[in-house]
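K.L.:
The following block contains the structure, expressed as structure tokens.
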Amino acid sequence: MLGIEPRQRRQGGAAEGHPTLVEFFGRDTASSLADESSADLLLGNNVLAHVPDLNDFVAGMKIC
């Protein structure tokens, strides 16, 4: 499991106790992750309403 959070959180968060990338998810992040491995499942909770570039985010999901 790998968490991706756009900002560093002091506690809690979607991936507490797991490795977490602190960056926005999109094409660039997905491409670098796809070079290392592939995803079986992508989960997001209350995400789309807060994404600054929705097209980039969804394109990243397709890459993964």
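Letters A, B, ... go to the chains of the structure tokens in the order shown; residues in each chain start at 1; ligands are counted from 1 in the same order.
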Quick one: everything within 8 Å of Met61 (chain A), counting only C-alpha atoms, minus sequence neighbours fewer than 5 positions away in the same chain. Send it as a VMD selection string.
P.N.:
chain A and resid 26 to 27 30 42
K.L.:
Extract the full set of strand (DSSP E) residues from chain A according to DSSP on the backbone, and format it as number ranges by chain.
P.N.:
A: 3-5, 20-22
K.L.:
Could the residues in this selection be written to a file with N, CA, C and O atoms, as a compact mmCIF listing (two decimals), in the first residue's frame?
P.N.:
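The resulting file, part_15.txt, is reproduced below:
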```
# COMPACT_ATOMS: atom_id res chain seq x y z
N GLY A 3 0.34 5.52 0.10
CA GLY A 3 -0.55 6.67 0.18
C GLY A 3 0.02 7.83 -0.59
O GLY A 3 1.24 7.97 -0.71
N ILE A 4 -0.85 8.66 -1.13
CA ILE A 4 -0.43 9.89 -1.82
C ILE A 4 -1.27 11.02 -1.24
O ILE A 4 -2.49 11.02 -1.36
N GLU A 5 -0.62 11.95 -0.60
CA GLU A 5 -1.27 13.09 0.03
C GLU A 5 -0.62 14.36 -0.50
O GLU A 5 0.60 14.45 -0.56
N THR A 20 4.05 7.11 2.34
CA THR A 20 3.21 8.14 1.73
C THR A 20 4.05 9.10 0.92
O THR A 20 5.07 9.62 1.40
N LEU A 21 3.63 9.36 -0.32
CA LEU A 21 4.23 10.41 -1.14
C LEU A 21 3.49 11.70 -0.84
O LEU A 21 2.26 11.74 -0.85
N VAL A 22 4.23 12.77 -0.60
CA VAL A 22 3.61 14.06 -0.33
C VAL A 22 3.70 14.88 -1.62
O VAL A 22 4.67 15.60 -1.87
```
K.L.:
Show which residues sit within 9 Å of Phe57 (chain A), as a list in words. Count only C-alpha atoms, and ignore same-chain residues fewer than 4 positions away.
P.N.:
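Once the adjacent positions are removed, what remains is Phe24, Phe25, Gly26, Arg27, Leu48, Val51, Pro52, Asp53, Met61 and Lys62 of chain A.
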K.L.:
In Å to one decimal, how far is CA of His50 (chain A) from CA of His18 (chain A)?
P.N.:
22.3 Å
K.L.:
Based on the backbone DSSP call, show me all residues of chain A assigned alpha helix (DSSP H), as a JSON list (two decimals) with all heavy atoms, in the first residue's frame.
P.N.:
```
[["chain", "number", "residue", "atom", "x", "y", "z"],
["A", 27, "ARG", "N", -0.72, 12.84, -13.89],
["A", 27, "ARG", "CA", 0.01, 12.08, -14.92],
["A", 27, "ARG", "C", 1.47, 11.82, -14.53],
["A", 27, "ARG", "O", 1.96, 10.71, -14.69],
["A", 27, "ARG", "CB", -0.02, 12.83, -16.25],
["A", 27, "ARG", "CG", -1.34, 12.82, -16.94],
["A", 27, "ARG", "CD", -1.24, 13.58, -18.28],
["A", 27, "ARG", "NE", -2.53, 13.74, -18.88],
["A", 27, "ARG", "CZ", -3.24, 14.86, -18.86],
["A", 27, "ARG", "NH1", -2.77, 15.92, -18.24],
["A", 27, "ARG", "NH2", -4.41, 14.92, -19.44],
["A", 28, "ASP", "N", 2.15, 12.84, -14.05],
["A", 28, "ASP", "CA", 3.59, 12.69, -13.73],
["A", 28, "ASP", "C", 3.81, 11.69, -12.60],
["A", 28, "ASP", "O", 4.67, 10.81, -12.71],
["A", 28, "ASP", "CB", 4.20, 14.04, -13.36],
["A", 28, "ASP", "CG", 4.26, 15.00, -14.53],
["A", 28, "ASP", "OD1", 4.21, 14.54, -15.69],
["A", 28, "ASP", "OD2", 4.38, 16.22, -14.28],
["A", 29, "THR", "N", 3.04, 11.82, -11.55],
["A", 29, "THR", "CA", 3.16, 10.89, -10.42],
["A", 29, "THR", "C", 2.82, 9.48, -10.86],
["A", 29, "THR", "O", 3.53, 8.53, -10.53],
["A", 29, "THR", "CB", 2.23, 11.32, -9.27],
["A", 29, "THR", "OG1", 2.55, 12.65, -8.89],
["A", 29, "THR", "CG2", 2.39, 10.40, -8.08],
["A", 30, "ALA", "N", 1.73, 9.34, -11.61],
["A", 30, "ALA", "CA", 1.30, 8.01, -12.07],
["A", 30, "ALA", "C", 2.35, 7.38, -12.97],
["A", 30, "ALA", "O", 2.62, 6.18, -12.87],
["A", 30, "ALA", "CB", -0.03, 8.12, -12.81],
["A", 31, "SER", "N", 2.95, 8.16, -13.85],
["A", 31, "SER", "CA", 3.97, 7.62, -14.75],
["A", 31, "SER", "C", 5.18, 7.11, -13.98],
["A", 31, "SER", "O", 5.71, 6.04, -14.29],
["A", 31, "SER", "CB", 4.41, 8.69, -15.75],
["A", 31, "SER", "OG", 3.35, 9.01, -16.61],
["A", 32, "SER", "N", 5.63, 7.87, -12.98],
["A", 32, "SER", "CA", 6.78, 7.41, -12.21],
["A", 32, "SER", "C", 6.44, 6.17, -11.39],
["A", 32, "SER", "O", 7.28, 5.28, -11.23],
["A", 32, "SER", "CB", 7.33, 8.52, -11.32],
["A", 32, "SER", "OG", 6.41, 8.87, -10.32],
["A", 33, "LEU", "N", 5.22, 6.08, -10.89],
["A", 33, "LEU", "CA", 4.81, 4.89, -10.14],
["A", 33, "LEU", "C", 4.63, 3.69, -11.06],
["A", 33, "LEU", "O", 4.97, 2.56, -10.68],
["A", 33, "LEU", "CB", 3.50, 5.16, -9.38],
["A", 33, "LEU", "CG", 3.58, 6.16, -8.25],
["A", 33, "LEU", "CD1", 2.18, 6.45, -7.72],
["A", 33, "LEU", "CD2", 4.48, 5.65, -7.15],
["A", 34, "ALA", "N", 4.11, 3.90, -12.25],
["A", 34, "ALA", "CA", 3.88, 2.81, -13.19],
["A", 34, "ALA", "C", 5.20, 2.20, -13.65],
["A", 34, "ALA", "O", 5.24, 1.01, -14.01],
["A", 34, "ALA", "CB", 3.07, 3.29, -14.38],
["A", 35, "ASP", "N", 6.27, 2.97, -13.64],
["A", 35, "ASP", "CA", 7.59, 2.44, -14.01],
["A", 35, "ASP", "C", 8.07, 1.42, -12.99],
["A", 35, "ASP", "O", 8.82, 0.51, -13.31],
["A", 35, "ASP", "CB", 8.62, 3.57, -14.13],
["A", 35, "ASP", "CG", 8.39, 4.44, -15.34],
["A", 35, "ASP", "OD1", 7.66, 4.01, -16.27],
["A", 35, "ASP", "OD2", 8.92, 5.57, -15.37],
["A", 36, "GLU", "N", 7.64, 1.57, -11.73],
["A", 36, "GLU", "CA", 8.08, 0.69, -10.65],
["A", 36, "GLU", "C", 7.17, -0.51, -10.45],
["A", 36, "GLU", "O", 7.63, -1.61, -10.16],
["A", 36, "GLU", "CB", 8.16, 1.48, -9.34],
["A", 36, "GLU", "CG", 9.16, 2.61, -9.38],
["A", 36, "GLU", "CD", 9.09, 3.49, -8.15],
["A", 36, "GLU", "OE1", 8.56, 3.03, -7.12],
["A", 36, "GLU", "OE2", 9.56, 4.62, -8.21],
["A", 54, "LEU", "N", -8.65, 18.31, -12.54],
["A", 54, "LEU", "CA", -9.40, 17.06, -12.59],
["A", 54, "LEU", "C", -9.00, 16.19, -13.78],
["A", 54, "LEU", "O", -8.87, 14.97, -13.64],
["A", 54, "LEU", "CB", -10.90, 17.36, -12.64],
["A", 54, "LEU", "CG", -11.84, 16.18, -12.47],
["A", 54, "LEU", "CD1", -11.58, 15.45, -11.17],
["A", 54, "LEU", "CD2", -13.29, 16.66, -12.53],
["A", 55, "ASN", "N", -8.76, 16.78, -14.94],
["A", 55, "ASN", "CA", -8.36, 16.00, -16.12],
["A", 55, "ASN", "C", -7.02, 15.31, -15.91],
["A", 55, "ASN", "O", -6.83, 14.16, -16.30],
["A", 55, "ASN", "CB", -8.32, 16.88, -17.37],
["A", 55, "ASN", "CG", -9.70, 17.33, -17.80],
["A", 55, "ASN", "OD1", -10.68, 16.60, -17.64],
["A", 55, "ASN", "ND2", -9.78, 18.54, -18.33],
["A", 56, "ASP", "N", -6.07, 16.01, -15.29],
["A", 56, "ASP", "CA", -4.76, 15.42, -15.00],
["A", 56, "ASP", "C", -4.89, 14.28, -14.00],
["A", 56, "ASP", "O", -4.27, 13.23, -14.15],
["A", 56, "ASP", "CB", -3.82, 16.51, -14.46],
["A", 56, "ASP", "CG", -2.41, 16.01, -14.22],
["A", 56, "ASP", "OD1", -1.84, 15.40, -15.15],
["A", 56, "ASP", "OD2", -1.90, 16.23, -13.11],
["A", 57, "PHE", "N", -5.73, 14.46, -12.99],
["A", 57, "PHE", "CA", -5.94, 13.43, -11.98],
["A", 57, "PHE", "C", -6.52, 12.16, -12.60],
["A", 57, "PHE", "O", -6.02, 11.05, -12.36],
["A", 57, "PHE", "CB", -6.88, 13.98, -10.89],
["A", 57, "PHE", "CG", -7.11, 13.04, -9.75],
["A", 57, "PHE", "CD1", -6.24, 13.03, -8.67],
["A", 57, "PHE", "CD2", -8.18, 12.16, -9.75],
["A", 57, "PHE", "CE1", -6.46, 12.16, -7.60],
["A", 57, "PHE", "CE2", -8.40, 11.29, -8.69],
["A", 57, "PHE", "CZ", -7.53, 11.30, -7.62],
["A", 58, "VAL", "N", -7.57, 12.29, -13.39],
["A", 58, "VAL", "CA", -8.22, 11.14, -14.00],
["A", 58, "VAL", "C", -7.29, 10.47, -15.00],
["A", 58, "VAL", "O", -7.24, 9.24, -15.10],
["A", 58, "VAL", "CB", -9.57, 11.54, -14.62],
["A", 58, "VAL", "CG1", -10.19, 10.39, -15.40],
["A", 58, "VAL", "CG2", -10.52, 12.02, -13.54],
["A", 59, "ALA", "N", -6.51, 11.25, -15.73],
["A", 59, "ALA", "CA", -5.53, 10.68, -16.67],
["A", 59, "ALA", "C", -4.49, 9.85, -15.90],
["A", 59, "ALA", "O", -4.04, 8.81, -16.37],
["A", 59, "ALA", "CB", -4.86, 11.77, -17.49],
["A", 60, "GLY", "N", -4.11, 10.31, -14.72],
["A", 60, "GLY", "CA", -3.17, 9.57, -13.88],
["A", 60, "GLY", "C", -3.75, 8.25, -13.44],
["A", 60, "GLY", "O", -3.06, 7.23, -13.39],
["A", 61, "MET", "N", -5.05, 8.23, -13.14],
["A", 61, "MET", "CA", -5.70, 6.97, -12.75],
["A", 61, "MET", "C", -5.64, 5.98, -13.91],
["A", 61, "MET", "O", -5.41, 4.78, -13.69],
["A", 61, "MET", "CB", -7.15, 7.24, -12.35],
["A", 61, "MET", "CG", -7.27, 8.01, -11.04],
["A", 61, "MET", "SD", -8.95, 8.46, -10.64],
["A", 61, "MET", "CE", -9.71, 6.88, -10.42],
["A", 62, "LYS", "N", -5.86, 6.45, -15.12],
["A", 62, "LYS", "CA", -5.80, 5.56, -16.29],
["A", 62, "LYS", "C", -4.40, 4.98, -16.46],
["A", 62, "LYS", "O", -4.24, 3.82, -16.80],
["A", 62, "LYS", "CB", -6.23, 6.32, -17.53],
["A", 62, "LYS", "CG", -6.29, 5.46, -18.77],
["A", 62, "LYS", "CD", -6.79, 6.23, -19.95],
["A", 62, "LYS", "CE", -6.84, 5.31, -21.16],
["A", 62, "LYS", "NZ", -7.34, 6.02, -22.34],
["A", 63, "ILE", "N", -3.38, 5.78, -16.21],
["A", 63, "ILE", "CA", -2.00, 5.31, -16.35],
["A", 63, "ILE", "C", -1.70, 4.21, -15.33],
["A", 63, "ILE", "O", -1.04, 3.22, -15.64],
["A", 63, "ILE", "CB", -1.00, 6.47, -16.18],
["A", 63, "ILE", "CG1", -1.12, 7.42, -17.36],
["A", 63, "ILE", "CG2", 0.42, 5.97, -16.01],
["A", 63, "ILE", "CD1", -0.38, 8.73, -17.19]]
```
K.L.:
One number please: CA of Pro6 (chain A) to CA of Gly44 (chain A), in Å, one decimal.
P.N.:
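CA of Gly44 (chain A) lies 12.7 Å from CA of Pro6 (chain A).
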